[in-house]
Amino acid sequence: MQALIAVLAGDGIGGEVTAEAVRALEAVAARFGHELRFEAALLGGAAIDAAGDALPAATLALCRRADAVLLGAVGGPKWSDPHAKVRPEQGLLQLRKALGLFANLRPVVPHPALLDASPIKAELLRGVDIMVVRELTGGIYFGEKRHSAEEAVDVCRYTLEEIERVVRLAAGLARTRRRKLTSIDKANVLETSRLWRSTVERVLPSEFPDVNFEHMLVDAAAMHLLKRPRDFDVIVTENMFGDILTDEASMLAGSLGILPSASLGAGARGLFEPIHGSAPDIAGRGIANPYAAILSAAMLLRYSLKLHAEADALEAAVSRAVVSGALPADLAAPGTLGVTTRAAGDAVLTAL
Ligand code: IPM
Ligand code: MG
């Protein structure tokens with residue numbers, strides 16, 4: 001097949017890790033006989049510096065033309081002045097919204113060879129396979145905002161339709177897995193959560209009678225994720241709870257550096273990015289972990305291009321690279337030096 005991939009490296013380590021993801025995609029394309037074209041554009045702080053805008057029109061136009069978007073990370077101390085008119089993160093949020101990417105899939109599957117990299121006991125981690133579906137274009141991220149000297153306001157708002165579509169997507173995923181859906185909310189306090197809960201209660205039994213579902217309050221969920229992570233299959237939750245819980249859940253896999261994500265909407269075009277940030281502290285040193293970016297590229301193959309065998313092959317290659325001991329600093333045993341970003345990417349290519 002032929003496809004156009006928009007590559008938005010963003011800031012910090014974004015460029016280093018997306019370079020490895022592009023190399024991996026090129027290798028997969030060569031092996032399976034596909035023609036992938038890559039076009040780069042600016043996003044985030046890099047775009048603010050060059051164009052005064054975190055999401056330049058040319059970048060959005062490229063993303064709309066592309067079959068999929070591969071993204072690195074945005075943000076950094078250079079652009080974190082609280083009084084700045086425009087912040088790198090706004091570029092990412094606007095892009096998610098403009099492309100209608102309402103569901104963010106974040107798989108958390110600890111690699112058997114990395115159980116010791118996690119601060120959680122290995123016996124709790126064996127067999128953990130969680131798919132978090134985070135609502136991505138609603139909630140407190142996108143509600144009305146005000147800020148004066150005396151007061152600041154962030155409104156959390158959800159419409160019925162916003163909840164229904166993400167719940168349906170998550171329940172559909174559960175159907176292809178272990179048929180269990182945990183909906184996480186704060187219905188004992190928040191109105192938006194009460195609408196969320198009643199929607200789950202209506203949609204699941206009528207449209208997905210074969211999927212078991214449960215509700216869990218977000219504070220309890222934060223605890224159960226560490227206490228009994230194996231019990232979760234698909235999790236569906238609102239934007240901010242999903243943001244927080246997935247950073248927590250990444251510790252089950254050993255590091256933020258290995259967790260990919262896929263942001264999906266109604267069509268096939270998705271945006272694929274690591275869940276980690278721009279890591280300004282290690283940017284430019286060639287030591288960032290590229291596995292989350294490469295695994296995001298595998299999700300791109302699966303969800304946007306529908307190339308399932310190719311996605312499986314790339315995921316298997318990352319797994320073999322990990323088993324071969326190609327571990328960047330965030331995963332390497334304490335006191336040992338990790339491999340470079342390039343060496344980890346090379347290990348994936350070798351495995352492919
Ligand atoms: C994420 C990030 C973003 C978010 C930031 C960079 C705006 O933390 O993708 O999890 O909060 O959604
Ligand atoms: Mg986050």
# chains A, B, ... in the order shown; residues from 1 in each chain; ligands from 1
call {"tool": "closest_atom_pairs", "arguments": {"of": "chain A", "to": "ligand 2", "cutoff": "8 Å", "atoms": "only C-alpha atoms and all ligand atoms", "output": "CSV"}}
result
residue,atom,partner,partner_atom_place_in_ligand_line,distance
A:Asp243,CA,ligand 2,1 (Mg),4.5
A:Ile244,CA,ligand 2,1 (Mg),6.4
A:Thr246,CA,ligand 2,1 (Mg),7.3
A:Asp247,CA,ligand 2,1 (Mg),6.4
A:Ile275,CA,ligand 2,1 (Mg),6.3
A:His276,CA,ligand 2,1 (Mg),7.0
A:Gly277,CA,ligand 2,1 (Mg),7.5
call {"tool": "residues_near_ligand", "arguments": {"ligand": "ligand 1", "cutoff": "9 Å", "atoms": "only C-alpha atoms and all ligand atoms", "output": "PDB file with all heavy atoms, in the first residue's frame"}}
result
ATOM      1  N   ALA A  73       7.061  14.638  21.066  1.00  0.00           N
ATOM      2  CA  ALA A  73       6.619  15.199  22.348  1.00  0.00           C
ATOM      3  C   ALA A  73       6.711  16.711  22.248  1.00  0.00           C
ATOM      4  O   ALA A  73       7.443  17.230  21.404  1.00  0.00           O
ATOM      5  CB  ALA A  73       7.505  14.697  23.480  1.00  0.00           C
ATOM      6  N   VAL A  74       5.947  17.407  23.076  1.00  0.00           N
ATOM      7  CA  VAL A  74       6.033  18.865  23.050  1.00  0.00           C
ATOM      8  C   VAL A  74       6.302  19.415  24.440  1.00  0.00           C
ATOM      9  O   VAL A  74       6.007  18.783  25.449  1.00  0.00           O
ATOM     10  CB  VAL A  74       4.733  19.528  22.506  1.00  0.00           C
ATOM     11  CG1 VAL A  74       4.495  19.168  21.064  1.00  0.00           C
ATOM     12  CG2 VAL A  74       3.538  19.151  23.374  1.00  0.00           C
ATOM     13  N   GLY A  75       6.878  20.624  24.485  1.00  0.00           N
ATOM     14  CA  GLY A  75       7.071  21.330  25.744  1.00  0.00           C
ATOM     15  C   GLY A  75       8.525  21.396  26.155  1.00  0.00           C
ATOM     16  O   GLY A  75       9.384  20.742  25.576  1.00  0.00           O
ATOM     17  N   PRO A  88       3.450  25.375  24.203  1.00  0.00           N
ATOM     18  CA  PRO A  88       3.592  24.241  23.285  1.00  0.00           C
ATOM     19  C   PRO A  88       2.444  23.242  23.403  1.00  0.00           C
ATOM     20  O   PRO A  88       1.947  22.727  22.408  1.00  0.00           O
ATOM     21  CB  PRO A  88       4.911  23.595  23.720  1.00  0.00           C
ATOM     22  CG  PRO A  88       5.667  24.659  24.422  1.00  0.00           C
ATOM     23  CD  PRO A  88       4.660  25.579  25.035  1.00  0.00           C
ATOM     24  N   GLU A  89       2.004  22.987  24.652  1.00  0.00           N
ATOM     25  CA  GLU A  89       0.966  21.983  24.880  1.00  0.00           C
ATOM     26  C   GLU A  89      -0.337  22.340  24.170  1.00  0.00           C
ATOM     27  O   GLU A  89      -1.103  21.453  23.782  1.00  0.00           O
ATOM     28  CB  GLU A  89       0.703  21.836  26.390  1.00  0.00           C
ATOM     29  CG  GLU A  89       1.839  21.189  27.170  1.00  0.00           C
ATOM     30  CD  GLU A  89       3.000  22.128  27.479  1.00  0.00           C
ATOM     31  OE1 GLU A  89       2.891  23.346  27.158  1.00  0.00           O
ATOM     32  OE2 GLU A  89       4.019  21.662  28.021  1.00  0.00           O
ATOM     33  N   GLN A  90      -0.579  23.653  23.999  1.00  0.00           N
ATOM     34  CA  GLN A  90      -1.809  24.051  23.292  1.00  0.00           C
ATOM     35  C   GLN A  90      -1.815  23.516  21.867  1.00  0.00           C
ATOM     36  O   GLN A  90      -2.866  23.175  21.323  1.00  0.00           O
ATOM     37  CB  GLN A  90      -1.930  25.587  23.250  1.00  0.00           C
ATOM     38  CG  GLN A  90      -2.303  26.190  24.586  1.00  0.00           C
ATOM     39  CD  GLN A  90      -2.060  27.698  24.614  1.00  0.00           C
ATOM     40  OE1 GLN A  90      -1.549  28.273  23.649  1.00  0.00           O
ATOM     41  NE2 GLN A  90      -2.423  28.327  25.714  1.00  0.00           N
ATOM     42  N   GLY A  91      -0.632  23.444  21.261  1.00  0.00           N
ATOM     43  CA  GLY A  91      -0.548  22.921  19.890  1.00  0.00           C
ATOM     44  C   GLY A  91      -1.034  21.492  19.822  1.00  0.00           C
ATOM     45  O   GLY A  91      -1.796  21.110  18.920  1.00  0.00           O
ATOM     46  N   LEU A  92      -0.619  20.698  20.796  1.00  0.00           N
ATOM     47  CA  LEU A  92      -1.021  19.287  20.821  1.00  0.00           C
ATOM     48  C   LEU A  92      -2.525  19.163  21.093  1.00  0.00           C
ATOM     49  O   LEU A  92      -3.226  18.392  20.431  1.00  0.00           O
ATOM     50  CB  LEU A  92      -0.216  18.553  21.907  1.00  0.00           C
ATOM     51  CG  LEU A  92      -0.535  17.088  22.136  1.00  0.00           C
ATOM     52  CD1 LEU A  92      -0.371  16.289  20.851  1.00  0.00           C
ATOM     53  CD2 LEU A  92       0.367  16.515  23.224  1.00  0.00           C
ATOM     54  N   LEU A  93      -3.014  19.949  22.053  1.00  0.00           N
ATOM     55  CA  LEU A  93      -4.443  19.866  22.383  1.00  0.00           C
ATOM     56  C   LEU A  93      -5.301  20.311  21.200  1.00  0.00           C
ATOM     57  O   LEU A  93      -6.310  19.671  20.866  1.00  0.00           O
ATOM     58  CB  LEU A  93      -4.761  20.712  23.624  1.00  0.00           C
ATOM     59  CG  LEU A  93      -4.026  20.304  24.916  1.00  0.00           C
ATOM     60  CD1 LEU A  93      -4.451  21.191  26.081  1.00  0.00           C
ATOM     61  CD2 LEU A  93      -4.274  18.844  25.266  1.00  0.00           C
ATOM     62  N   ASN A 104      -8.073   7.997  23.242  1.00  0.00           N
ATOM     63  CA  ASN A 104      -6.629   7.772  23.323  1.00  0.00           C
ATOM     64  C   ASN A 104      -6.397   6.397  23.943  1.00  0.00           C
ATOM     65  O   ASN A 104      -6.720   6.163  25.103  1.00  0.00           O
ATOM     66  CB  ASN A 104      -6.015   8.889  24.184  1.00  0.00           C
ATOM     67  CG  ASN A 104      -4.505   8.805  24.295  1.00  0.00           C
ATOM     68  OD1 ASN A 104      -3.963   9.019  25.373  1.00  0.00           O
ATOM     69  ND2 ASN A 104      -3.826   8.506  23.220  1.00  0.00           N
ATOM     70  N   LEU A 136     -10.322  12.126  25.032  1.00  0.00           N
ATOM     71  CA  LEU A 136      -9.197  13.024  24.732  1.00  0.00           C
ATOM     72  C   LEU A 136      -9.576  14.437  24.293  1.00  0.00           C
ATOM     73  O   LEU A 136      -8.716  15.304  24.220  1.00  0.00           O
ATOM     74  CB  LEU A 136      -8.322  12.373  23.637  1.00  0.00           C
ATOM     75  CG  LEU A 136      -6.874  12.836  23.544  1.00  0.00           C
ATOM     76  CD1 LEU A 136      -6.125  12.594  24.844  1.00  0.00           C
ATOM     77  CD2 LEU A 136      -6.149  12.161  22.389  1.00  0.00           C
ATOM     78  N   TYR A 141      -9.885  19.775  30.269  1.00  0.00           N
ATOM     79  CA  TYR A 141      -8.868  20.268  29.331  1.00  0.00           C
ATOM     80  C   TYR A 141      -9.455  21.307  28.371  1.00  0.00           C
ATOM     81  O   TYR A 141      -8.752  22.182  27.892  1.00  0.00           O
ATOM     82  CB  TYR A 141      -8.313  19.118  28.486  1.00  0.00           C
ATOM     83  CG  TYR A 141      -7.174  18.360  29.106  1.00  0.00           C
ATOM     84  CD1 TYR A 141      -7.347  17.648  30.291  1.00  0.00           C
ATOM     85  CD2 TYR A 141      -5.921  18.328  28.502  1.00  0.00           C
ATOM     86  CE1 TYR A 141      -6.309  16.939  30.844  1.00  0.00           C
ATOM     87  CE2 TYR A 141      -4.872  17.613  29.057  1.00  0.00           C
ATOM     88  CZ  TYR A 141      -5.069  16.923  30.222  1.00  0.00           C
ATOM     89  OH  TYR A 141      -4.038  16.221  30.767  1.00  0.00           O
ATOM     90  N   ASN A 239     -10.857  12.567  30.399  1.00  0.00           N
ATOM     91  CA  ASN A 239      -9.572  13.084  29.948  1.00  0.00           C
ATOM     92  C   ASN A 239      -8.522  13.205  31.063  1.00  0.00           C
ATOM     93  O   ASN A 239      -7.441  12.603  30.987  1.00  0.00           O
ATOM     94  CB  ASN A 239      -9.828  14.457  29.292  1.00  0.00           C
ATOM     95  CG  ASN A 239      -8.754  14.844  28.300  1.00  0.00           C
ATOM     96  OD1 ASN A 239      -7.665  14.292  28.306  1.00  0.00           O
ATOM     97  ND2 ASN A 239      -9.054  15.807  27.446  1.00  0.00           N
ATOM     98  N   MET A 240      -8.819  13.938  32.110  1.00  0.00           N
ATOM     99  CA  MET A 240      -7.773  14.174  33.103  1.00  0.00           C
ATOM    100  C   MET A 240      -7.489  12.935  33.954  1.00  0.00           C
ATOM    101  O   MET A 240      -6.328  12.657  34.272  1.00  0.00           O
ATOM    102  CB  MET A 240      -8.115  15.343  34.014  1.00  0.00           C
ATOM    103  CG  MET A 240      -6.954  15.598  34.972  1.00  0.00           C
ATOM    104  SD  MET A 240      -6.716  17.285  35.387  1.00  0.00           S
ATOM    105  CE  MET A 240      -7.889  17.436  36.682  1.00  0.00           C
ATOM    106  N   GLY A 242      -7.625   9.961  32.948  1.00  0.00           N
ATOM    107  CA  GLY A 242      -6.831   9.094  32.075  1.00  0.00           C
ATOM    108  C   GLY A 242      -5.392   9.562  31.964  1.00  0.00           C
ATOM    109  O   GLY A 242      -4.464   8.747  31.895  1.00  0.00           O
ATOM    110  N   ASP A 243      -5.212  10.874  31.936  1.00  0.00           N
ATOM    111  CA  ASP A 243      -3.850  11.421  31.881  1.00  0.00           C
ATOM    112  C   ASP A 243      -3.068  10.970  33.111  1.00  0.00           C
ATOM    113  O   ASP A 243      -1.948  10.468  33.013  1.00  0.00           O
ATOM    114  CB  ASP A 243      -3.925  12.955  31.824  1.00  0.00           C
ATOM    115  CG  ASP A 243      -2.550  13.587  31.821  1.00  0.00           C
ATOM    116  OD1 ASP A 243      -1.680  13.111  31.064  1.00  0.00           O
ATOM    117  OD2 ASP A 243      -2.335  14.556  32.586  1.00  0.00           O
ATOM    118  N   ILE A 244      -3.686  11.127  34.265  1.00  0.00           N
ATOM    119  CA  ILE A 244      -2.981  10.836  35.529  1.00  0.00           C
ATOM    120  C   ILE A 244      -2.790   9.330  35.705  1.00  0.00           C
ATOM    121  O   ILE A 244      -1.694   8.858  36.026  1.00  0.00           O
ATOM    122  CB  ILE A 244      -3.772  11.435  36.712  1.00  0.00           C
ATOM    123  CG1 ILE A 244      -3.843  12.961  36.580  1.00  0.00           C
ATOM    124  CG2 ILE A 244      -3.125  11.027  38.034  1.00  0.00           C
ATOM    125  CD1 ILE A 244      -4.818  13.634  37.527  1.00  0.00           C
ATOM    126  N   THR A 246      -2.599   6.936  33.571  1.00  0.00           N
ATOM    127  CA  THR A 246      -1.676   6.243  32.673  1.00  0.00           C
ATOM    128  C   THR A 246      -0.214   6.512  33.030  1.00  0.00           C
ATOM    129  O   THR A 246       0.634   5.657  32.798  1.00  0.00           O
ATOM    130  CB  THR A 246      -1.937   6.571  31.186  1.00  0.00           C
ATOM    131  OG1 THR A 246      -2.061   7.974  31.029  1.00  0.00           O
ATOM    132  CG2 THR A 246      -3.201   5.880  30.695  1.00  0.00           C
ATOM    133  N   ASP A 247       0.076   7.682  33.578  1.00  0.00           N
ATOM    134  CA  ASP A 247       1.454   7.855  34.075  1.00  0.00           C
ATOM    135  C   ASP A 247       1.694   6.882  35.234  1.00  0.00           C
ATOM    136  O   ASP A 247       2.761   6.285  35.352  1.00  0.00           O
ATOM    137  CB  ASP A 247       1.699   9.297  34.556  1.00  0.00           C
ATOM    138  CG  ASP A 247       2.273  10.183  33.449  1.00  0.00           C
ATOM    139  OD1 ASP A 247       1.926   9.960  32.270  1.00  0.00           O
ATOM    140  OD2 ASP A 247       3.060  11.101  33.763  1.00  0.00           O
ATOM    141  N   SER A 261       0.992   5.234  22.457  1.00  0.00           N
ATOM    142  CA  SER A 261      -0.440   5.525  22.474  1.00  0.00           C
ATOM    143  C   SER A 261      -0.942   5.791  21.070  1.00  0.00           C
ATOM    144  O   SER A 261      -0.173   6.143  20.171  1.00  0.00           O
ATOM    145  CB  SER A 261      -0.768   6.705  23.401  1.00  0.00           C
ATOM    146  OG  SER A 261      -0.667   7.933  22.711  1.00  0.00           O
ATOM    147  N   GLU A 273       1.659   8.633  19.401  1.00  0.00           N
ATOM    148  CA  GLU A 273       2.735   9.290  20.152  1.00  0.00           C
ATOM    149  C   GLU A 273       3.026   8.518  21.427  1.00  0.00           C
ATOM    150  O   GLU A 273       2.148   7.870  21.997  1.00  0.00           O
ATOM    151  CB  GLU A 273       2.329  10.730  20.502  1.00  0.00           C
ATOM    152  CG  GLU A 273       1.053  10.811  21.324  1.00  0.00           C
ATOM    153  CD  GLU A 273       0.743  12.215  21.852  1.00  0.00           C
ATOM    154  OE1 GLU A 273       1.678  12.915  22.257  1.00  0.00           O
ATOM    155  OE2 GLU A 273      -0.441  12.582  21.883  1.00  0.00           O
ATOM    156  N   PRO A 274       4.288   8.594  21.873  1.00  0.00           N
ATOM    157  CA  PRO A 274       4.619   8.017  23.178  1.00  0.00           C
ATOM    158  C   PRO A 274       3.829   8.734  24.262  1.00  0.00           C
ATOM    159  O   PRO A 274       3.438   9.888  24.069  1.00  0.00           O
ATOM    160  CB  PRO A 274       6.110   8.329  23.349  1.00  0.00           C
ATOM    161  CG  PRO A 274       6.598   8.855  22.053  1.00  0.00           C
ATOM    162  CD  PRO A 274       5.419   9.307  21.261  1.00  0.00           C
ATOM    163  N   ILE A 275       3.605   8.086  25.397  1.00  0.00           N
ATOM    164  CA  ILE A 275       2.914   8.841  26.450  1.00  0.00           C
ATOM    165  C   ILE A 275       3.898   9.709  27.238  1.00  0.00           C
ATOM    166  O   ILE A 275       3.500  10.579  27.991  1.00  0.00           O
ATOM    167  CB  ILE A 275       2.048   7.945  27.384  1.00  0.00           C
ATOM    168  CG1 ILE A 275       2.843   7.366  28.543  1.00  0.00           C
ATOM    169  CG2 ILE A 275       1.320   6.852  26.644  1.00  0.00           C
ATOM    170  CD1 ILE A 275       1.903   6.950  29.673  1.00  0.00           C
ATOM    171  N   HIS A 276       5.194   9.491  27.029  1.00  0.00           N
ATOM    172  CA  HIS A 276       6.166  10.315  27.753  1.00  0.00           C
ATOM    173  C   HIS A 276       6.235  11.726  27.176  1.00  0.00           C
ATOM    174  O   HIS A 276       5.713  12.002  26.095  1.00  0.00           O
ATOM    175  CB  HIS A 276       7.548   9.666  27.750  1.00  0.00           C
ATOM    176  CG  HIS A 276       8.188   9.532  26.395  1.00  0.00           C
ATOM    177  ND1 HIS A 276       8.593  10.613  25.647  1.00  0.00           N
ATOM    178  CD2 HIS A 276       8.505   8.440  25.659  1.00  0.00           C
ATOM    179  CE1 HIS A 276       9.139  10.189  24.517  1.00  0.00           C
ATOM    180  NE2 HIS A 276       9.085   8.872  24.484  1.00  0.00           N
ATOM    181  N   GLY A 277       6.890  12.599  27.894  1.00  0.00           N
ATOM    182  CA  GLY A 277       7.028  13.988  27.474  1.00  0.00           C
ATOM    183  C   GLY A 277       8.331  14.233  26.741  1.00  0.00           C
ATOM    184  O   GLY A 277       8.987  13.302  26.248  1.00  0.00           O
ATOM    185  N   SER A 278       8.731  15.512  26.692  1.00  0.00           N
ATOM    186  CA  SER A 278       9.883  15.901  25.878  1.00  0.00           C
ATOM    187  C   SER A 278      11.213  15.737  26.617  1.00  0.00           C
ATOM    188  O   SER A 278      12.271  15.927  26.021  1.00  0.00           O
ATOM    189  CB  SER A 278       9.713  17.345  25.427  1.00  0.00           C
ATOM    190  OG  SER A 278       9.631  18.175  26.574  1.00  0.00           O
TER     191      SER A 278
END
call {"tool": "closest_residue", "arguments": {"among": "A:Leu204, A:Leu352, A:Ala343, A:Val234", "to": "A:Ser319", "atoms": "only C-alpha atoms"}}
result
A:Leu352
call {"tool": "closest_residue", "arguments": {"among": "A:Glu207, A:Glu238, A:Ala152, A:Val166", "to": "A:Leu190", "atoms": "only C-alpha atoms"}}
result
A:Glu238
call {"tool": "select_by_dssp", "arguments": {"residues": "stretch 38-100 of chain A", "states": "strand (DSSP E or B)", "output": "NGL selection string"}}
result
:A and (38-40 or 68-73)
call {"tool": "atom_distance", "arguments": {"atom1": "atom CA of A:Ala249", "atom2": "atom CA of A:Trp196"}}
result
22.0 Å
call {"tool": "closest_residue", "arguments": {"among": "A:Pro110, A:Thr237, A:Glu214, A:Gly12", "to": "A:Arg285", "atoms": "only C-alpha atoms"}}
result
A:Gly12
call {"tool": "closest_residue", "arguments": {"among": "A:Thr340, A:Ser250, A:Pro260, A:Glu26", "to": "A:Gly284", "atoms": "only C-alpha atoms"}}
result
A:Thr340
call {"tool": "atom_distance", "arguments": {"atom1": "atom CA of A:Ala174", "atom2": "atom CA of A:Lys97"}}
result
24.8 Å
call {"tool": "residues_around", "arguments": {"residues": "A:Gly265", "least_positions_apart": "2", "cutoff": "6 Å", "atoms": "only C-alpha atoms", "output": "JSON, numbers by chain"}}
result
{"A": [100, 101, 102, 267]}
call {"tool": "write_last_selection", "arguments": {"atoms": "N, CA and C atoms", "output": "mmCIF file, in the first residue's frame"}}
result
data_model
loop_
_atom_site.group_PDB
_atom_site.id
_atom_site.type_symbol
_atom_site.label_atom_id
_atom_site.label_comp_id
_atom_site.auth_asym_id
_atom_site.auth_seq_id
_atom_site.Cartn_x
_atom_site.Cartn_y
_atom_site.Cartn_z
ATOM 1 N N GLY A 100 -10.383 15.588 15.591
ATOM 2 C CA GLY A 100 -11.507 14.819 16.150
ATOM 3 C C GLY A 100 -11.071 13.527 16.821
ATOM 4 N N LEU A 101 -9.893 13.544 17.435
ATOM 5 C CA LEU A 101 -9.344 12.316 18.016
ATOM 6 C C LEU A 101 -9.814 12.185 19.465
ATOM 7 N N PHE A 102 -10.967 11.594 19.627
ATOM 8 C CA PHE A 102 -11.618 11.623 20.945
ATOM 9 C C PHE A 102 -11.218 10.467 21.859
ATOM 10 N N GLY A 267 -12.764 8.330 11.833
ATOM 11 C CA GLY A 267 -12.172 7.750 10.625
ATOM 12 C C GLY A 267 -10.933 6.938 10.945
#
call {"tool": "residues_around", "arguments": {"residues": "A:Ala66", "least_positions_apart": "5", "cutoff": "9 Å", "atoms": "only C-alpha atoms", "output": "NGL selection string"}}
result
:A and (3-6 or 39 or 61 or 269)
call {"tool": "write_last_selection", "arguments": {"atoms": "all heavy atoms", "output": "tab-separated table (two decimals), in the first residue's frame"}}
result
chain	number	residue	atom	x	y	z
A	3	ALA	N	1.11	5.21	1.59
A	3	ALA	CA	0.54	6.05	2.63
A	3	ALA	C	1.46	7.23	2.90
A	3	ALA	O	2.67	7.15	2.72
A	3	ALA	CB	0.32	5.24	3.91
A	4	LEU	N	0.83	8.31	3.33
A	4	LEU	CA	1.57	9.51	3.73
A	4	LEU	C	1.51	9.64	5.26
A	4	LEU	O	0.43	9.66	5.84
A	4	LEU	CB	0.96	10.76	3.08
A	4	LEU	CG	1.52	12.10	3.56
A	4	LEU	CD1	2.99	12.25	3.21
A	4	LEU	CD2	0.71	13.27	2.97
A	5	ILE	N	2.68	9.73	5.86
A	5	ILE	CA	2.76	9.87	7.32
A	5	ILE	C	3.29	11.27	7.64
A	5	ILE	O	4.37	11.65	7.19
A	5	ILE	CB	3.75	8.85	7.94
A	5	ILE	CG1	3.60	7.46	7.33
A	5	ILE	CG2	3.64	8.84	9.46
A	5	ILE	CD1	2.40	6.70	7.75
A	6	ALA	N	2.52	12.03	8.42
A	6	ALA	CA	3.01	13.32	8.91
A	6	ALA	C	3.89	13.05	10.13
A	6	ALA	O	3.48	12.32	11.04
A	6	ALA	CB	1.84	14.22	9.29
A	39	GLU	N	6.46	13.18	5.75
A	39	GLU	CA	6.63	14.63	5.62
A	39	GLU	C	6.65	15.23	7.01
A	39	GLU	O	5.77	14.95	7.83
A	39	GLU	CB	5.47	15.24	4.82
A	39	GLU	CG	5.80	15.49	3.37
A	39	GLU	CD	4.65	16.20	2.65
A	39	GLU	OE1	4.29	17.34	3.05
A	39	GLU	OE2	4.10	15.60	1.72
A	61	ALA	N	-2.66	21.43	8.09
A	61	ALA	CA	-3.02	21.04	6.71
A	61	ALA	C	-2.32	19.73	6.33
A	61	ALA	O	-2.94	18.85	5.73
A	61	ALA	CB	-2.63	22.16	5.74
A	269	ARG	N	-7.77	7.90	10.20
A	269	ARG	CA	-6.59	8.69	10.52
A	269	ARG	C	-6.42	8.87	12.03
A	269	ARG	O	-7.33	9.31	12.72
A	269	ARG	CB	-6.67	10.07	9.87
A	269	ARG	CG	-5.33	10.80	9.99
A	269	ARG	CD	-5.41	12.30	9.84
A	269	ARG	NE	-5.98	12.72	8.59
A	269	ARG	CZ	-7.18	13.28	8.50
A	269	ARG	NH1	-7.94	13.45	9.55
A	269	ARG	NH2	-7.62	13.66	7.33
call {"tool": "residues_around", "arguments": {"residues": "A:Leu105", "least_positions_apart": "3", "cutoff": "6 Å", "atoms": "only C-alpha atoms", "output": "MDAnalysis selection string"}}
result
chainID A and resid 132:133 261:262
call {"tool": "atom_distance", "arguments": {"atom1": "atom CA of A:Ala40", "atom2": "atom CA of A:Ile282"}}
result
22.6 Å
call {"tool": "residues_around", "arguments": {"residues": "stretch 198-200 of chain A", "least_positions_apart": "5", "cutoff": "10 Å", "atoms": "only C-alpha atoms", "output": "list in words"}}
result
Leu160, Glu161, Ile163, Glu164, Val167, Arg168, Ala171, Leu181, Thr182, Ser183, Ala187, Ser193, Pro205, Phe213, Glu214, His215 and Val236 of chain A
call {"tool": "write_last_selection", "arguments": {"atoms": "N, CA, C and O atoms", "output": "compact mmCIF listing (two decimals), in the first residue's frame"}}
result
# COMPACT_ATOMS: atom_id res chain seq x y z
N LEU A 160 -23.39 14.30 26.47
CA LEU A 160 -23.81 12.90 26.38
C LEU A 160 -23.12 12.22 25.19
O LEU A 160 -22.60 11.11 25.28
N GLU A 161 -23.09 12.93 24.07
CA GLU A 161 -22.52 12.34 22.86
C GLU A 161 -21.03 12.05 23.02
O GLU A 161 -20.52 11.03 22.56
N ILE A 163 -19.50 11.29 25.72
CA ILE A 163 -19.32 10.11 26.58
C ILE A 163 -19.70 8.84 25.82
O ILE A 163 -18.96 7.86 25.81
N GLU A 164 -20.82 8.90 25.13
CA GLU A 164 -21.29 7.70 24.41
C GLU A 164 -20.26 7.18 23.43
O GLU A 164 -19.99 5.98 23.36
N VAL A 167 -17.25 5.55 25.16
CA VAL A 167 -17.66 4.32 25.86
C VAL A 167 -17.89 3.20 24.84
O VAL A 167 -17.48 2.06 25.05
N ARG A 168 -18.53 3.55 23.72
CA ARG A 168 -18.76 2.53 22.67
C ARG A 168 -17.44 2.01 22.13
O ARG A 168 -17.27 0.81 21.92
N ALA A 171 -15.90 -0.26 24.75
CA ALA A 171 -16.63 -1.53 24.89
C ALA A 171 -16.37 -2.43 23.69
O ALA A 171 -16.23 -3.65 23.82
N LEU A 181 -14.93 -4.38 31.10
CA LEU A 181 -14.73 -2.93 31.00
C LEU A 181 -14.86 -2.31 32.39
O LEU A 181 -15.85 -2.51 33.07
N THR A 182 -13.82 -1.57 32.79
CA THR A 182 -13.89 -0.82 34.05
C THR A 182 -14.02 0.65 33.69
O THR A 182 -13.14 1.22 33.05
N SER A 183 -15.12 1.25 34.09
CA SER A 183 -15.33 2.68 33.85
C SER A 183 -14.95 3.43 35.12
O SER A 183 -15.47 3.15 36.19
N ALA A 187 -18.06 9.75 40.60
CA ALA A 187 -19.49 10.01 40.61
C ALA A 187 -20.02 10.39 41.99
O ALA A 187 -21.14 10.88 42.11
N SER A 193 -19.25 13.14 36.14
CA SER A 193 -19.07 11.71 36.39
C SER A 193 -20.41 11.00 36.53
O SER A 193 -20.54 9.83 36.16
N PRO A 205 -25.41 -2.54 28.80
CA PRO A 205 -26.33 -3.69 28.76
C PRO A 205 -27.09 -3.78 27.44
O PRO A 205 -27.33 -4.88 26.94
N PHE A 213 -19.21 -5.10 32.82
CA PHE A 213 -18.65 -3.79 33.18
C PHE A 213 -18.80 -3.54 34.67
O PHE A 213 -19.64 -4.13 35.35
N GLU A 214 -17.92 -2.66 35.14
CA GLU A 214 -17.98 -2.24 36.54
C GLU A 214 -17.63 -0.76 36.58
O GLU A 214 -17.01 -0.24 35.66
N HIS A 215 -18.07 -0.08 37.65
CA HIS A 215 -17.66 1.30 37.89
C HIS A 215 -16.62 1.30 38.99
O HIS A 215 -16.67 0.47 39.90
N VAL A 236 -12.02 2.60 30.76
CA VAL A 236 -12.44 3.81 30.04
C VAL A 236 -12.64 4.92 31.07
O VAL A 236 -13.21 4.70 32.14
call {"tool": "select_by_dssp", "arguments": {"residues": "stretch 92-231 of chain A", "states": "helix (DSSP H, G or I)", "output": "PyMOL selection string"}}
result
chain A and resi 92-98+112-117+122-125+139-141+160-175+191-207+218-227+229-231
